[in-house]
Amino acid sequence: MNIAVIGTGYVGLVSGVCFSDLGNHVTCVDKLKEKVEMLQQGEVPIYEPGLKELIEKNSSAGRLKFTTDLPSAVKDADIVIMAVGTPSLPNGEADLSYIMEAAKEVAAAVNSYKVIVTKSTVPVGTNEKIGNLIRSYTTESFDIASVPEFLREGSAIRDTLNPDRIVIGTESQLAQDMLVKLHGPLTDNIIFTDVRSAEMIKYASNAFLATKISFINEIANICEKVGADVTRVAEGMGYDKRIGSSFLKAGIGYGGSCFPKDTQALIQIAGHVDYDFKLLKSVVDVNNDQRYNVIRKLESILEDLSGKTIAIWGLAFKPETDDVRDAPAFEIITSLLQRGAKVKAYDPIATANFKKIFDHPDVKYCKVAEEAAHDADALCVLTEWREFQEISLHDIQSWLKTPILIDGRNIFTEQELADTEFAYYSVGRPS
Ligand code: UGA
């Protein structure tokens with residue numbers, strides 16, 4: 001099949017590349033000329049394991065193209081996938097201006113029957129609006145469908161090629177058949193729904209996962225006070241199939257471009273129909289506060305942070321990505337600076353992205369983990385990069401001025417700490 005993908009952000013780029021790997025002819029469209037030129041040369045604007053190799057493979061096989069020419073891509077396509085960003089507006093609502101603009105351009109280019117799919121995360125009812133808008137621009141026939149994306153950054157290729165489920169929301173049998181043909185090679189588990197339910201499945205899924213994280217983080221906070229170990233608690237809970245073991249890792253809270261944005265957007269969606277989504281509001285509050293536990297723990301040992309040097313390991317919102325959007329590191333570093341501390345920060349790959357947004361004379365970005373830890377008064381681990389887990393605690397102890405370690409992701413074990421002198425504070429485990 002011929003596919004046009006509009007938008008080469010995470011979702012668009014990864015989906016387009018994976019569909020081409022299944023043998024389809026895919027044209028990925030973006031407005032940004034420099035980005036398209038980069039991709040044409042096989043350079044990848046984001047760090048995602050395996051993506052560069054798949055782009056090279058499918059571009060050289062002639063199945064994958066990148067262009068700024070939206071009309072030509074749409075004209076040649078059987079299926080048009082819209083995957084442009086829906087960032088948060090200041091009030092938390094999703095900003096639909098990019099997707100509506102893209103829909104207009106698609107409408108102007110439609111020359112024969114197309115299935116127009118939205119993969120961007122959009123509030124319930126948006127696909128209908130897109131359909132109405134396109135209908136006002138063209139008399140050609142088309143169908144709309146919502147096929148939400150559930151890939152995670154850092155494992156995006158694996159998630160796309162081995163999805164737990166595919167949700168297809170459309171009212172048209174022809175569109176459904178074409179989308180089954182496209183997604184069929186990925187899984188047998190395809191769920192068919194109406195368009196509005198498909199839109200809601202995406203928000204409800206992200207909100208539920210965020211709820212699991214805030215829930216386990218609160219359990220962790222209680223564990224610290226009653227002397228229990230949250231990792232054992234989560235393990236014991238997870239064996240219950242009704243609960244499941246994933247997304248029960250306690251830490252400093254969720255970040256990234258999805259959970260913070262989508263939880264706020266769902267609260268707004270509910271608000272628009274006069275529903276007060278109290279549970280989700282608490283999930284967000286718990287998450288916003290969880291990161292400050294790092295500061296509270298530091299202050300409980302060092303008291304006054306003024307004039308202290310704090311090493312930070314991990315700036316990305318999670319490992320295996322250079323994405324720093326809504327990373328807890330921003331608030332934690334800001335808080336340290338407000339308290340008069342100096343910061344030495346290191347991340348295996350996200351430093352450049354972080355520095356672009358956060359350049360401060362009292363933050364020194366380091367090239368290696370040791371440099372950040374060297375002579376620091378304490379070390380805080382904010383992202384669970386494997387690299388950090390592989391460094392010996394004895395080495396870390398010898399680098400630091402004082403052996404104080406705040407492990408915001410529970411990456412070190414009791415055994416590893418056994419013959420060290422660390423004042424060690426993790427999340428929800430005995431110190
Ligand atoms: C999330 C969802 O997992 C995807 O299914 C969805 O497609 C995506 O959002 C999206 O809407 O585009 P992503 O944000 O890439 O994916 O990353 P996750 O692995 O879900 O992690 C999100 C945050 O939760 C990270 O900050 C991570 O550290 C945190 N987390 C995750 C925890 O604190 N504990 C856990 O047990 C799991």
# chains A, B, ... in the order shown; residues from 1 in each chain; ligands from 1
>>> select_by_dssp(residues="range 129-378 of chain A", states="helix (DSSP H, G or I)", output="VMD selection string")
chain A and resid 129 to 135 156 to 161 173 to 183 195 to 226 230 to 238 259 to 272 278 to 290 293 to 302 328 to 338 351 to 357 369 to 373
>>> residues_around(residues="range 42-53 of chain A", least_positions_apart="2", cutoff="8 Å", atoms="only C-alpha atoms", output="PyMOL selection string")
chain A and resi 10+14+17+35+38-40+55-57+153-157+320-323
>>> residues_near_ligand(ligand="ligand 1", cutoff="9 Å", atoms="only C-alpha atoms and all ligand atoms", output="PyMOL selection string")
chain A and resi 10-11+120-121+148-156+159+202-203+205-206+209-210+212-214+216-217+245-262+316-319+321+326-328+383-384+409
>>> atom_distance(atom1="CA of Ser426 in chain A", atom2="CA of Lys367 in chain A")
25.2 Å
>>> closest_residue(among="A:Tyr346, A:Phe330, A:Val284, A:Gln338", to="Gly307 in chain A", atoms="only C-alpha atoms")
A:Gln338
>>> select_by_dssp(residues="range 77-224 of chain A", states="strand (DSSP E or B)", output="PyMOL selection string")
chain A and resi 79-82+88+94+114-118+142-146+166-169+190-193
>>> residues_around(residues="Met100 in chain A", least_positions_apart="4", cutoff="12 Å", atoms="only C-alpha atoms", output="count of residues only")
24
